[in-house]
Structure formats: structure tokens, C-alpha cells
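Q: What follows is input.cif, made up of mmCIF, C-alpha atoms:
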data_final
loop_
_atom_site.group_PDB
_atom_site.id
_atom_site.type_symbol
_atom_site.label_atom_id
_atom_site.label_comp_id
_atom_site.auth_asym_id
_atom_site.auth_seq_id
_atom_site.Cartn_x
_atom_site.Cartn_y
_atom_site.Cartn_z
ATOM 1 C CA MET A 1 6.426 -26.306 8.383
ATOM 2 C CA ALA A 2 5.658 -22.828 7.048
ATOM 3 C CA THR A 3 8.327 -20.172 7.403
ATOM 4 C CA ILE A 4 7.102 -16.792 8.580
ATOM 5 C CA GLU A 5 9.421 -13.780 8.802
ATOM 6 C CA ARG A 6 8.214 -10.587 10.472
ATOM 7 C CA MET A 7 10.084 -7.342 9.833
ATOM 8 C CA GLU A 8 9.834 -4.054 11.726
ATOM 9 C CA VAL A 9 7.745 -5.657 14.439
ATOM 10 C CA GLY A 10 5.819 -3.387 16.774
ATOM 11 C CA GLN A 11 3.388 -4.002 19.602
ATOM 12 C CA ARG A 12 0.313 -4.125 17.347
ATOM 13 C CA MET A 13 1.674 -5.055 13.942
ATOM 14 C CA SER A 14 4.623 -5.874 11.755
ATOM 15 C CA ARG A 15 5.250 -3.531 8.835
ATOM 16 C CA ILE A 16 6.213 -6.516 6.659
ATOM 17 C CA VAL A 17 5.352 -10.201 6.966
ATOM 18 C CA LYS A 18 6.880 -12.745 4.595
ATOM 19 C CA HIS A 19 5.366 -16.201 4.263
ATOM 20 C CA ASN A 20 6.740 -18.627 1.705
ATOM 21 C CA GLU A 21 7.093 -16.482 -1.439
ATOM 22 C CA THR A 22 4.519 -13.846 -0.459
ATOM 23 C CA VAL A 23 4.930 -10.421 1.173
ATOM 24 C CA TYR A 24 2.180 -8.757 3.197
ATOM 25 C CA LEU A 25 2.502 -5.054 4.015
ATOM 26 C CA CYS A 26 0.645 -3.313 6.795
ATOM 27 C CA GLY A 27 -1.513 -0.367 5.800
ATOM 28 C CA GLN A 28 0.425 2.622 4.481
ATOM 29 C CA VAL A 29 -0.655 6.253 4.501
ATOM 30 C CA GLY A 30 0.880 9.425 3.077
ATOM 31 C CA ALA A 31 3.915 11.042 4.672
ATOM 32 C CA ASP A 32 2.064 14.261 5.524
ATOM 33 C CA ALA A 33 -1.608 14.016 6.433
ATOM 34 C CA ASN A 34 -2.012 17.777 5.922
ATOM 35 C CA THR A 35 -1.577 17.555 2.136
ATOM 36 C CA ASP A 36 -4.125 16.887 -0.603
ATOM 37 C CA ILE A 37 -5.135 13.487 -1.999
ATOM 38 C CA THR A 38 -2.580 13.645 -4.814
ATOM 39 C CA GLU A 39 0.354 14.199 -2.465
ATOM 40 C CA GLN A 40 -0.904 11.722 0.139
ATOM 41 C CA THR A 41 -1.281 9.078 -2.575
ATOM 42 C CA ARG A 42 2.149 9.792 -4.061
ATOM 43 C CA THR A 43 3.994 9.579 -0.741
ATOM 44 C CA MET A 44 1.963 6.560 0.364
ATOM 45 C CA LEU A 45 3.076 4.701 -2.771
ATOM 46 C CA GLU A 46 6.687 5.779 -2.178
ATOM 47 C CA LYS A 47 6.462 4.064 1.224
ATOM 48 C CA VAL A 48 5.122 0.921 -0.452
ATOM 49 C CA ASP A 49 8.128 0.962 -2.810
ATOM 50 C CA VAL A 50 10.549 1.138 0.127
ATOM 51 C CA LEU A 51 8.864 -1.695 2.041
ATOM 52 C CA LEU A 52 8.629 -3.916 -1.030
ATOM 53 C CA GLU A 53 12.333 -3.412 -1.713
ATOM 54 C CA GLN A 54 13.165 -4.342 1.892
ATOM 55 C CA ALA A 55 11.114 -7.518 1.434
ATOM 56 C CA GLY A 56 12.755 -8.520 -1.860
ATOM 57 C CA SER A 57 9.943 -7.435 -4.160
ATOM 58 C CA ASP A 58 8.761 -4.433 -6.155
ATOM 59 C CA ARG A 59 5.564 -2.914 -7.520
ATOM 60 C CA SER A 60 5.546 -5.165 -10.591
ATOM 61 C CA TYR A 61 5.068 -8.159 -8.236
ATOM 62 C CA ILE A 62 1.999 -6.800 -6.415
ATOM 63 C CA LEU A 63 -0.703 -9.454 -6.377
ATOM 64 C CA SER A 64 -3.436 -7.464 -4.696
ATOM 65 C CA ALA A 65 -4.060 -4.024 -3.269
ATOM 66 C CA THR A 66 -6.879 -2.696 -1.133
ATOM 67 C CA ILE A 67 -7.226 1.072 -1.146
ATOM 68 C CA TYR A 68 -9.244 2.905 1.467
ATOM 69 C CA LEU A 69 -10.465 6.416 0.661
ATOM 70 C CA ARG A 70 -11.968 8.735 3.236
ATOM 71 C CA ASP A 71 -14.245 10.076 0.488
ATOM 72 C CA MET A 72 -14.964 8.552 -2.923
ATOM 73 C CA LYS A 73 -14.874 12.052 -4.404
ATOM 74 C CA ASP A 74 -11.075 11.555 -4.361
ATOM 75 C CA PHE A 75 -11.248 8.371 -6.490
ATOM 76 C CA THR A 76 -10.284 10.060 -9.784
ATOM 77 C CA ALA A 77 -7.374 12.033 -8.291
ATOM 78 C CA MET A 78 -6.053 8.963 -6.460
ATOM 79 C CA ASN A 79 -6.284 6.894 -9.651
ATOM 80 C CA ALA A 80 -4.338 9.551 -11.594
ATOM 81 C CA VAL A 81 -1.365 8.931 -9.281
ATOM 82 C CA TRP A 82 -1.901 5.148 -9.150
ATOM 83 C CA ASP A 83 -2.058 4.869 -12.951
ATOM 84 C CA THR A 84 1.379 6.471 -13.374
ATOM 85 C CA TRP A 85 2.872 4.390 -10.540
ATOM 86 C CA ILE A 86 1.795 0.860 -11.437
ATOM 87 C CA PRO A 87 3.819 -0.592 -14.325
ATOM 88 C CA GLU A 88 1.849 -1.184 -17.512
ATOM 89 C CA GLY A 89 0.751 -4.789 -17.781
ATOM 90 C CA HIS A 90 1.250 -5.398 -14.035
ATOM 91 C CA ALA A 91 -2.045 -4.182 -12.592
ATOM 92 C CA PRO A 92 -2.868 -6.264 -9.501
ATOM 93 C CA ALA A 93 -6.238 -7.425 -8.302
ATOM 94 C CA ARG A 94 -7.557 -4.324 -6.546
ATOM 95 C CA ALA A 95 -10.402 -3.105 -4.404
ATOM 96 C CA CYS A 96 -11.148 0.469 -3.426
ATOM 97 C CA VAL A 97 -13.586 1.308 -0.666
ATOM 98 C CA GLU A 98 -14.715 4.372 1.227
ATOM 99 C CA ALA A 99 -13.827 4.105 4.904
ATOM 100 C CA ARG A 100 -13.227 6.122 8.024
ATOM 101 C CA LEU A 101 -9.491 6.104 8.571
ATOM 102 C CA ALA A 102 -7.559 6.247 11.849
ATOM 103 C CA ARG A 103 -7.248 10.050 11.777
ATOM 104 C CA ALA A 104 -9.654 12.524 10.168
ATOM 105 C CA GLU A 105 -6.924 14.222 8.109
ATOM 106 C CA LEU A 106 -5.908 10.957 6.399
ATOM 107 C CA LEU A 107 -7.433 10.747 2.946
ATOM 108 C CA VAL A 108 -6.057 7.428 1.662
ATOM 109 C CA GLU A 109 -4.519 4.175 2.926
ATOM 110 C CA ILE A 110 -3.354 1.067 1.101
ATOM 111 C CA SER A 111 -2.755 -2.553 2.044
ATOM 112 C CA VAL A 112 -0.599 -4.624 -0.325
ATOM 113 C CA VAL A 113 0.162 -8.295 -0.929
ATOM 114 C CA ALA A 114 3.026 -9.099 -3.308
ATOM 115 C CA ALA A 115 5.121 -12.002 -4.530
ATOM 116 C CA ILE A 116 8.828 -12.097 -3.765
ATOM 117 C CA LYS A 117 11.053 -11.709 -6.838
#
Would you mind giving the structure from this file in C-alpha cells?
A:
Amino acid sequence: MATIERMEVGQRMSRIVKHNETVYLCGQVGADANTDITEQTRTMLEKVDVLLEQAGSDRSYILSATIYLRDMKDFTAMNAVWDTWIPEGHAPARACVEARLARAELLVEISVVAAIK
């Protein structure tokens, strides 16, 4: 029987779900929605680091990432932050799409799947 562990469980979602040797993170956004794309991306990825550590993983174990941008004009600026954050040689499978996010001031959101160390 599969083992599923849910961490930081809320009414609508768990922030972390672990199944077998895989970690699924709920969507993460920047710490301050009133900042620019660079800062929102940086603080969003800091949140991912914290959650991955709680789950027994880290950014070098990310299997896949889906990034949602409010406007594709921010693609280059977001990638500038991403490229310095992801360890060389550990780029995950990734998709990036333009989407309306939950609040108009949000510029970027990410959903991550990673292996446990």
C-alpha cells in the first residue's frame, strides 16, 4: 500500500505531499506581491528551498517545475533569477506558461515536484 504523508495541511491544500520517494509542493508565490518580477521570483524560490528542506530534499533534486507568469514579458527577468538559483547540471523538466494568477498583483507562481534525497 502506498504511503502518503501530508504536511502543513489546510482546508484546500497541503503545502507538501510526500508519496514514496517523491515530494509535491503546492504553488508558491513571492513574499511580497507589491514588488517587481525579480524580487517576487527570488522570494518565491526561497520559499521552495524552505519547503524542500522540510520534506527532505533540495533544489538539486527537483524533477519538474511549472512556472506561471502573469505576463510573458517577464520571462527574461524571471529566467535571470532562475538561472542563478538552479544548480548547474540539475535543470529539471520545466514548463512556463502565461496565466491569470489568484491576485492581480502576483506576477509569478511555481509548482514543484522533487525526489527525496
Q: Name the residues in contact with Phe75 (chain A) at a cut-off of 12 Å, using only C-alpha atoms, excluding same-chain residues fewer than 3 positions from it; report them as an MDAnalysis selection string.
A: chainID A and resid 37:38 41 67:72 78:83 95:98 107:108
Q: Quick one: everything within 10 Å of Glu21 (chain A), counting all atoms listed in the file, minus sequence neighbours fewer than 5 positions away in the same chain. Send it as a ChimeraX atom specification.
A: /A:3,56-57,114-117
Q: Find the residue from A:Thr43, A:Ser60, A:Asn34, A:Gln11 that sits nearest to Arg103 (chain A); use only C-alpha atoms when measuring.
A: A:Asn34
Q: Counting all atoms listed in the file, what is within 12 Å of Leu52 (chain A), bar same-chain residues fewer than 5 positions away, as a list in words?
A: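 Within the cut-off, the hits are Met7, Arg15, Ile16, Val17, Lys18, Thr22, Val23, Tyr24, Leu25, Cys26, Gln28, Leu45, Glu46, Lys47, Ser57, Asp58, Arg59, Ser60, Tyr61, Ile62, Ser111, Val112, Val113, Ala114, Ala115, Ile116 and Lys117 of chain A.
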Q: If you keep C-alpha atoms, can you produce a file of those selected residues as a PDB file, in the coordinates of the input?
A:
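Written out: out.pdb:
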ATOM      1  CA  MET A   7      10.084  -7.342   9.833  1.00  0.00           C
ATOM      2  CA  ARG A  15       5.250  -3.531   8.835  1.00  0.00           C
ATOM      3  CA  ILE A  16       6.213  -6.516   6.659  1.00  0.00           C
ATOM      4  CA  VAL A  17       5.352 -10.201   6.966  1.00  0.00           C
ATOM      5  CA  LYS A  18       6.880 -12.745   4.595  1.00  0.00           C
ATOM      6  CA  THR A  22       4.519 -13.846  -0.459  1.00  0.00           C
ATOM      7  CA  VAL A  23       4.930 -10.421   1.173  1.00  0.00           C
ATOM      8  CA  TYR A  24       2.180  -8.757   3.197  1.00  0.00           C
ATOM      9  CA  LEU A  25       2.502  -5.054   4.015  1.00  0.00           C
ATOM     10  CA  CYS A  26       0.645  -3.313   6.795  1.00  0.00           C
ATOM     11  CA  GLN A  28       0.425   2.622   4.481  1.00  0.00           C
ATOM     12  CA  LEU A  45       3.076   4.701  -2.771  1.00  0.00           C
ATOM     13  CA  GLU A  46       6.687   5.779  -2.178  1.00  0.00           C
ATOM     14  CA  LYS A  47       6.462   4.064   1.224  1.00  0.00           C
ATOM     15  CA  SER A  57       9.943  -7.435  -4.160  1.00  0.00           C
ATOM     16  CA  ASP A  58       8.761  -4.433  -6.155  1.00  0.00           C
ATOM     17  CA  ARG A  59       5.564  -2.914  -7.520  1.00  0.00           C
ATOM     18  CA  SER A  60       5.546  -5.165 -10.591  1.00  0.00           C
ATOM     19  CA  TYR A  61       5.068  -8.159  -8.236  1.00  0.00           C
ATOM     20  CA  ILE A  62       1.999  -6.800  -6.415  1.00  0.00           C
ATOM     21  CA  SER A 111      -2.755  -2.553   2.044  1.00  0.00           C
ATOM     22  CA  VAL A 112      -0.599  -4.624  -0.325  1.00  0.00           C
ATOM     23  CA  VAL A 113       0.162  -8.295  -0.929  1.00  0.00           C
ATOM     24  CA  ALA A 114       3.026  -9.099  -3.308  1.00  0.00           C
ATOM     25  CA  ALA A 115       5.121 -12.002  -4.530  1.00  0.00           C
ATOM     26  CA  ILE A 116       8.828 -12.097  -3.765  1.00  0.00           C
ATOM     27  CA  LYS A 117      11.053 -11.709  -6.838  1.00  0.00           C
TER      28      LYS A 117
END
Q: Applied to this file, what does the PyMOL selection byres ((chain A and resi 92) around 7) return in terms of residues, put as a list in words?
A: Ile62, Leu63, Ser64, Ala65, His90, Ala91, Ala93 and Arg94 of chain A
Q: Taking into account only C-alpha atoms, which residue in the set A:Ala77, A:Val9, A:Ser14, A:Glu53 is nearest to Glu39 (chain A)?
A: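 Smallest distance to Glu39 (chain A) is found for A:Ala77.
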Q: Please determine, counting all atoms listed in the file, which residue among A:Glu5, A:His19, A:Trp85, A:Ala104 has the shortest atom-to-atom distance to Met44 (chain A).
A: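 Among the listed residues, the smallest separation from Met44 (chain A) belongs to A:Trp85.
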Q: Of the candidates A:Ala33, A:Glu88, A:Lys73, A:Ala55, which one gets nearest to Asn20 (chain A) if we count only C-alpha atoms?
A: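 Of A:Ala33, A:Glu88, A:Lys73, A:Ala55, the one nearest Asn20 (chain A) is A:Ala55, counting only C-alpha atoms.
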Q: Which value, in Å to one decimal, gives the distance between CA of Leu101 (chain A) and CA of Gly27 (chain A)?
A: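 CA of Gly27 (chain A) lies at a distance of 10.6 Å from CA of Leu101 (chain A).
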Q: For the atom pair CA of Leu106 (chain A) and CA of Arg12 (chain A), what is the interatomic distance in Å to one decimal place?
A: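 A separation of 19.6 Å between them.
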